[in-house]
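The next block is coords_32.cif, given as mmCIF, C-alpha atoms.
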data_target
#
loop_
_atom_site.label_atom_id
_atom_site.label_comp_id
_atom_site.auth_asym_id
_atom_site.auth_seq_id
_atom_site.Cartn_x
_atom_site.Cartn_y
_atom_site.Cartn_z
CA MET A 1 31.53 -11.86 25.65
CA ASP A 2 32.59 -8.73 23.80
CA SER A 3 30.87 -5.48 24.74
CA SER A 4 33.86 -3.30 23.91
CA GLY A 5 31.88 -1.33 21.31
CA LEU A 6 29.25 -0.34 23.86
CA TYR A 7 32.04 0.37 26.33
CA ARG A 8 33.60 2.84 23.88
CA ASP A 9 30.24 4.53 23.30
CA ILE A 10 29.62 5.00 27.03
CA THR A 11 33.12 6.20 27.86
CA ASP A 12 33.04 8.59 24.89
CA SER A 13 29.76 10.02 26.21
CA ALA A 14 31.35 10.32 29.65
CA HIS A 15 34.10 12.54 28.25
CA GLU A 16 31.54 14.67 26.45
CA ALA A 17 29.45 15.14 29.62
CA PRO A 18 29.71 18.34 31.69
CA GLY A 19 32.34 18.40 34.38
CA TRP A 20 29.78 18.29 37.19
CA VAL A 21 28.25 15.13 35.72
CA GLN A 22 31.67 13.48 35.56
CA SER A 23 32.37 14.49 39.17
CA ALA A 24 28.99 13.18 40.29
CA PHE A 25 29.60 9.77 38.72
CA GLU A 26 33.13 9.63 40.10
CA SER A 27 31.79 10.27 43.61
CA TRP A 28 28.87 7.89 43.18
CA THR A 29 30.97 5.00 41.91
CA GLU A 30 33.32 5.48 44.90
CA TYR A 31 30.84 6.07 47.72
CA GLY A 32 27.40 5.07 46.44
CA LEU A 33 27.46 1.67 48.16
CA LEU A 34 27.39 3.48 51.51
CA LEU A 35 23.72 4.21 50.84
CA PHE A 36 22.99 0.49 51.09
CA GLY A 37 24.78 0.44 54.44
CA LEU A 38 22.47 3.17 55.74
CA LEU A 39 19.46 1.26 54.44
CA PHE A 40 20.63 -1.91 56.22
CA VAL A 41 20.66 -0.03 59.52
CA ALA A 42 17.28 1.64 58.86
CA VAL A 43 15.60 -1.65 57.91
CA TRP A 44 17.03 -3.40 60.97
CA TRP A 45 15.88 -0.61 63.27
CA ARG A 46 12.39 -0.72 61.77
CA ALA A 47 12.22 -4.50 62.10
CA ARG A 48 13.05 -4.36 65.83
CA GLY A 49 9.52 -3.18 66.53
CA ARG A 50 7.67 -5.44 64.09
CA ARG A 51 5.57 -8.37 65.24
CA GLY A 52 6.92 -11.84 64.64
CA PRO A 53 10.54 -12.83 64.08
CA ARG A 54 10.53 -12.92 60.27
CA PRO A 55 10.84 -9.15 59.56
CA LEU A 56 13.87 -9.01 61.83
CA ALA A 57 15.34 -12.14 60.27
CA LEU A 58 15.04 -10.61 56.79
CA ALA A 59 16.64 -7.39 58.03
CA VAL A 60 19.55 -9.31 59.56
CA LEU A 61 19.93 -11.41 56.42
CA ALA A 62 20.17 -8.39 54.09
CA PRO A 63 23.82 -7.50 54.83
CA LEU A 64 24.76 -11.17 55.20
CA ALA A 65 23.28 -12.05 51.79
CA THR A 66 25.04 -9.02 50.30
CA ALA A 67 28.37 -10.18 51.68
CA LEU A 68 27.74 -13.62 50.20
CA GLY A 69 27.02 -12.03 46.82
CA TYR A 70 30.39 -10.31 46.98
CA VAL A 71 32.16 -13.57 47.86
CA VAL A 72 30.57 -15.41 44.94
CA SER A 73 31.52 -12.57 42.58
CA GLU A 74 35.10 -12.60 43.84
CA VAL A 75 35.37 -16.37 43.34
CA VAL A 76 34.10 -16.10 39.76
CA LYS A 77 36.50 -13.22 39.11
CA SER A 78 39.48 -15.26 40.27
CA PHE A 79 38.66 -17.99 37.75
CA VAL A 80 37.81 -15.83 34.72
CA GLU A 81 40.72 -13.34 35.01
CA GLU A 82 39.45 -10.84 32.45
CA GLU A 83 41.64 -7.77 31.94
CA ARG A 84 40.16 -4.36 32.68
CA PRO A 85 38.82 -2.51 29.61
CA CYS A 86 40.76 0.63 30.55
CA ARG A 87 43.89 -1.34 29.55
CA ALA A 88 42.52 -3.79 27.01
CA VAL A 89 40.22 -1.81 24.68
CA ALA A 90 42.03 -0.09 21.85
CA ARG A 91 41.03 3.46 20.88
CA ALA A 92 38.86 3.84 23.97
CA ALA A 93 38.67 7.10 25.89
CA ALA A 94 40.77 7.24 29.05
CA SER A 95 38.99 6.18 32.21
CA LEU A 96 37.78 9.00 34.46
CA VAL A 97 39.26 7.27 37.52
CA PRO A 98 42.58 5.45 37.80
CA CYS A 99 42.57 2.06 36.11
CA PRO A 100 42.85 -0.72 38.74
CA PRO A 101 46.26 -2.43 38.81
CA PRO A 102 47.01 -5.61 36.82
CA GLY A 103 45.62 -8.65 38.59
CA ASP A 104 42.53 -6.77 39.76
CA TRP A 105 40.28 -8.54 37.28
CA SER A 106 37.24 -7.10 35.56
CA PHE A 107 34.61 -9.87 35.29
CA PRO A 108 32.23 -9.73 37.05
CA SER A 109 31.98 -6.31 38.66
CA ASN A 110 32.15 -6.61 42.45
CA HIS A 111 30.49 -3.22 42.90
CA SER A 112 27.59 -4.38 40.75
CA ALA A 113 27.35 -7.72 42.54
CA ILE A 114 27.19 -5.97 45.91
CA ALA A 115 24.61 -3.50 44.61
CA GLY A 116 22.49 -6.25 43.05
CA ALA A 117 22.62 -8.38 46.18
CA ALA A 118 21.78 -5.46 48.46
CA ALA A 119 18.93 -4.31 46.22
CA VAL A 120 17.30 -7.75 46.23
CA ALA A 121 17.90 -8.49 49.92
CA LEU A 122 16.53 -5.12 51.03
CA ALA A 123 13.52 -5.45 48.72
CA LEU A 124 12.76 -8.87 50.22
CA ALA A 125 12.92 -7.32 53.69
CA VAL A 126 10.74 -4.31 52.79
CA ARG A 127 9.03 -4.74 49.43
CA ARG A 128 8.41 -1.09 48.68
CA LEU A 129 12.15 -0.43 48.99
CA ALA A 130 12.54 -2.04 45.56
CA LEU A 131 11.41 1.31 44.11
CA LEU A 132 14.63 2.77 45.53
CA THR A 133 17.13 -0.07 45.65
CA VAL A 134 16.70 -1.33 42.09
CA PRO A 135 17.36 2.06 40.42
CA VAL A 136 20.25 2.68 42.82
CA ALA A 137 21.81 -0.69 41.90
CA LEU A 138 21.39 0.00 38.19
CA LEU A 139 22.96 3.43 38.60
CA MET A 140 25.91 1.92 40.46
CA ALA A 141 26.40 -0.65 37.68
CA TYR A 142 26.21 2.02 34.97
CA SER A 143 28.68 4.24 36.83
CA ARG A 144 31.33 1.50 36.68
CA VAL A 145 31.20 1.59 32.89
CA PHE A 146 30.82 5.38 32.75
CA VAL A 147 34.07 5.95 34.66
CA GLY A 148 35.79 3.38 32.44
CA VAL A 149 36.75 0.50 34.75
CA HIS A 150 34.29 -2.20 33.61
CA TYR A 151 32.73 -3.58 30.45
CA PRO A 152 28.91 -3.50 30.19
CA HIS A 153 28.80 -7.30 30.43
CA ASP A 154 30.83 -7.15 33.66
CA VAL A 155 28.20 -5.06 35.39
CA GLY A 156 25.24 -6.94 33.92
CA ILE A 157 26.51 -10.30 35.11
CA GLY A 158 27.57 -8.72 38.39
CA LEU A 159 24.02 -7.53 39.06
CA LEU A 160 22.59 -10.96 38.21
CA THR A 161 25.19 -12.81 40.27
CA GLY A 162 24.64 -10.68 43.35
CA GLY A 163 20.86 -10.58 43.04
CA LEU A 164 20.47 -14.32 42.49
CA THR A 165 22.88 -15.17 45.30
CA ALA A 166 21.03 -12.90 47.72
CA ALA A 167 17.63 -14.29 46.75
CA LEU A 168 18.78 -17.89 47.25
CA ALA A 169 20.45 -17.03 50.56
CA VAL A 170 17.32 -15.36 51.91
CA LEU A 171 15.14 -18.24 50.71
CA ALA A 172 17.39 -20.80 52.40
CA LEU A 173 18.11 -18.96 55.64
CA ALA A 174 14.99 -16.96 56.48
CA GLY A 175 13.48 -19.86 58.42
CA PRO A 176 16.51 -20.70 60.59
CA ILE A 177 17.30 -17.03 61.25
CA SER A 178 13.66 -16.41 62.23
CA THR A 179 13.95 -19.18 64.81
CA ILE A 180 17.12 -17.65 66.21
CA THR A 181 15.73 -14.11 66.39
CA GLY A 182 12.56 -15.38 68.02
CA ALA A 183 14.61 -17.14 70.69
CA MET A 184 16.72 -14.01 71.22
CA ARG A 185 13.62 -11.90 71.77
CA ALA A 186 12.33 -14.33 74.36
CA SER A 187 15.65 -14.60 76.20
CA ASP A 188 16.68 -12.80 79.38
CA ASN A 189 19.90 -11.51 77.80
CA ARG A 190 19.78 -7.71 77.73
CA ALA A 191 22.04 -7.36 74.67
CA ALA A 192 19.99 -9.90 72.72
CA ARG A 193 16.75 -8.13 73.63
CA TRP A 194 18.18 -4.76 72.59
CA PHE A 195 19.40 -6.12 69.23
CA THR A 196 16.11 -7.83 68.40
CA GLY A 197 13.88 -5.12 69.82
CA ALA A 198 10.53 -5.40 71.57
CA GLY A 199 8.69 -7.44 68.99
CA SER A 200 5.55 -9.36 69.87
CA ALA A 201 7.38 -11.56 72.42
CA ARG A 202 8.37 -8.64 74.68
CA ARG A 203 5.03 -6.83 74.30
CA ALA A 204 3.27 -10.00 75.39
#
Represent the supplied structure as structure tokens.
Amino acid sequence: MDSSGLYRDITDSAHEAPGWVQSAFESWTEYGLLLFGLLFVAVWWRARGRRGPRPLALAVLAPLATALGYVVSEVVKSFVEEERPCRAVARAAASLVPCPPPGDWSFPSNHSAIAGAAAVALALAVRRLALLTVPVALLMAYSRVFVGVHYPHDVGIGLLTGGLTAALAVLALAGPISTITGAMRASDNRAARWFTGAGSARRA
């Protein structure tokens, strides 16, 4: 894949953007994934009071599926070993953030894989969250090109890798995790009951 031309166009536009826009993207690309962490906690807390074990199982699976998406991305990256565009693309504008060191490969984008996995997993847990998580994931992916550390194809494949991995993980594990969370709710263990919440088992 060669998306160096589009990479140049985006990084050129980044240098032409106002300083506050550059600063916003630099902060977002560094800390934006923390938003998904807050959403994981909020979705879990909400699921603690929902009837049936499945909502809680999906909430618990969201961060686990996201972590799996990262692992898959990292494995692919170790095999492909694509150099970062901030070193490899001739006549490209300088990256807005420091270029990662040699050996920190470019394809696929781990940030994008994490964002894609989190977006899908959270949307499967709470469907209406897709209206938030999908744009946030796309913005994270775009920011990686905007600041100059990834090619467009890195982030595109990263989103697909993370999203597909998360979807398959949730599909495969929702049943077993539901069984476990249901058993935890019905148990006499105080920590397990606190983690799983009241649910229908405790209300009964």
Please write as a list in words the full residue list that the PyMOL selection byres ((chain A and resi 112) around 9) yields on this file.
->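 Applied to this file, the PyMOL selection byres ((chain A and resi 112) around 9) selects Pro108, Ser109, Asn110, His111, Ala113, Ile114, Ala115, Gly116, Ala117, Ala137, Leu138, Met140, Ala141, Tyr142, Arg144, Asp154, Val155, Gly156, Ile157, Gly158, Leu159, Leu160, Thr161 and Gly162 of chain A.
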Written as a list in words, what is the full residue list that the PyMOL selection byres ((chain A and resi 59) around 9) yields on the file shown?
->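 With the PyMOL selection byres ((chain A and resi 59) around 9) on this model, the match is Phe40, Val41, Val43, Trp44, Trp45, Arg46, Ala47, Arg54, Pro55, Leu56, Ala57, Leu58, Val60, Leu61, Ala62, Pro63, Ala121, Leu122, Leu124, Ala125 and Val126 of chain A.
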Between CA of Thr66 (chain A) and CA of Gly163 (chain A), what is the spacing in Å?
->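 CA of Gly163 (chain A) sits 8.5 Å away from CA of Thr66 (chain A).
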Looking at all atoms listed in the file, which of A:Tyr70, A:Gly49, A:Glu16, A:Ala130 is the one that sits closest to Arg193 (chain A)?
->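 So, comparing all the options, the nearest one is A:Gly49.
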Extract, using all atoms listed in the file, all DNA, RNA and protein residues at most 6 Å from Thr181 (chain A), discarding same-chain residues fewer than 3 positions from it, and format them as a list in words.
->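 Close residues of Thr181 (chain A): Pro53, Ser178 and Met184 of chain A.
If you look at CA of Phe146 (chain A) and CA of Ile10 (chain A), they are 5.9 Å away from each other.
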Atom pair CA of Lys77 (chain A) / CA of Phe107 (chain A): separation (Å) |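 Spanning CA of Lys77 (chain A) to CA of Phe107 (chain A) is a straight-line distance of 5.4 Å.
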Looking at only C-alpha atoms, which of A:Ala119, A:Val80, A:Glu26, A:Arg48 is the one that sits closest to Ala192 (chain A)?
->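 The answer is A:Arg48, which sits nearest to Ala192 (chain A).
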Run the PyMOL selection byres ((chain A and resi 4) around 10) against the file shown and list the residues it catches, as a count of residues only.
-> 18
Using all atoms listed in the file, which residue out of A:Trp194, A:Ala94, A:Thr179, A:Ala169 lies closest to Ala14 (chain A)?
-> A:Ala94
Compare A:Asp12, A:Glu81, A:Glu74, A:Glu30 by their minimum atom-to-atom distance to Gly103 (chain A), counting only C-alpha atoms, and give me the closest one.
-> A:Glu81
From the set A:Gly37, A:Leu164, A:Ala118, A:Pro101, which residue has the shortest atom-to-atom contact distance to Thr133 (chain A), counting all atoms listed in the file?
->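 For Thr133 (chain A), the nearest of the given residues is A:Ala118.
Each of A:Asp104, A:Arg51, A:Val147, A:Ala67 was compared to Ser23 (chain A) using all atoms listed in the file, and A:Val147 turns out to be the nearest.
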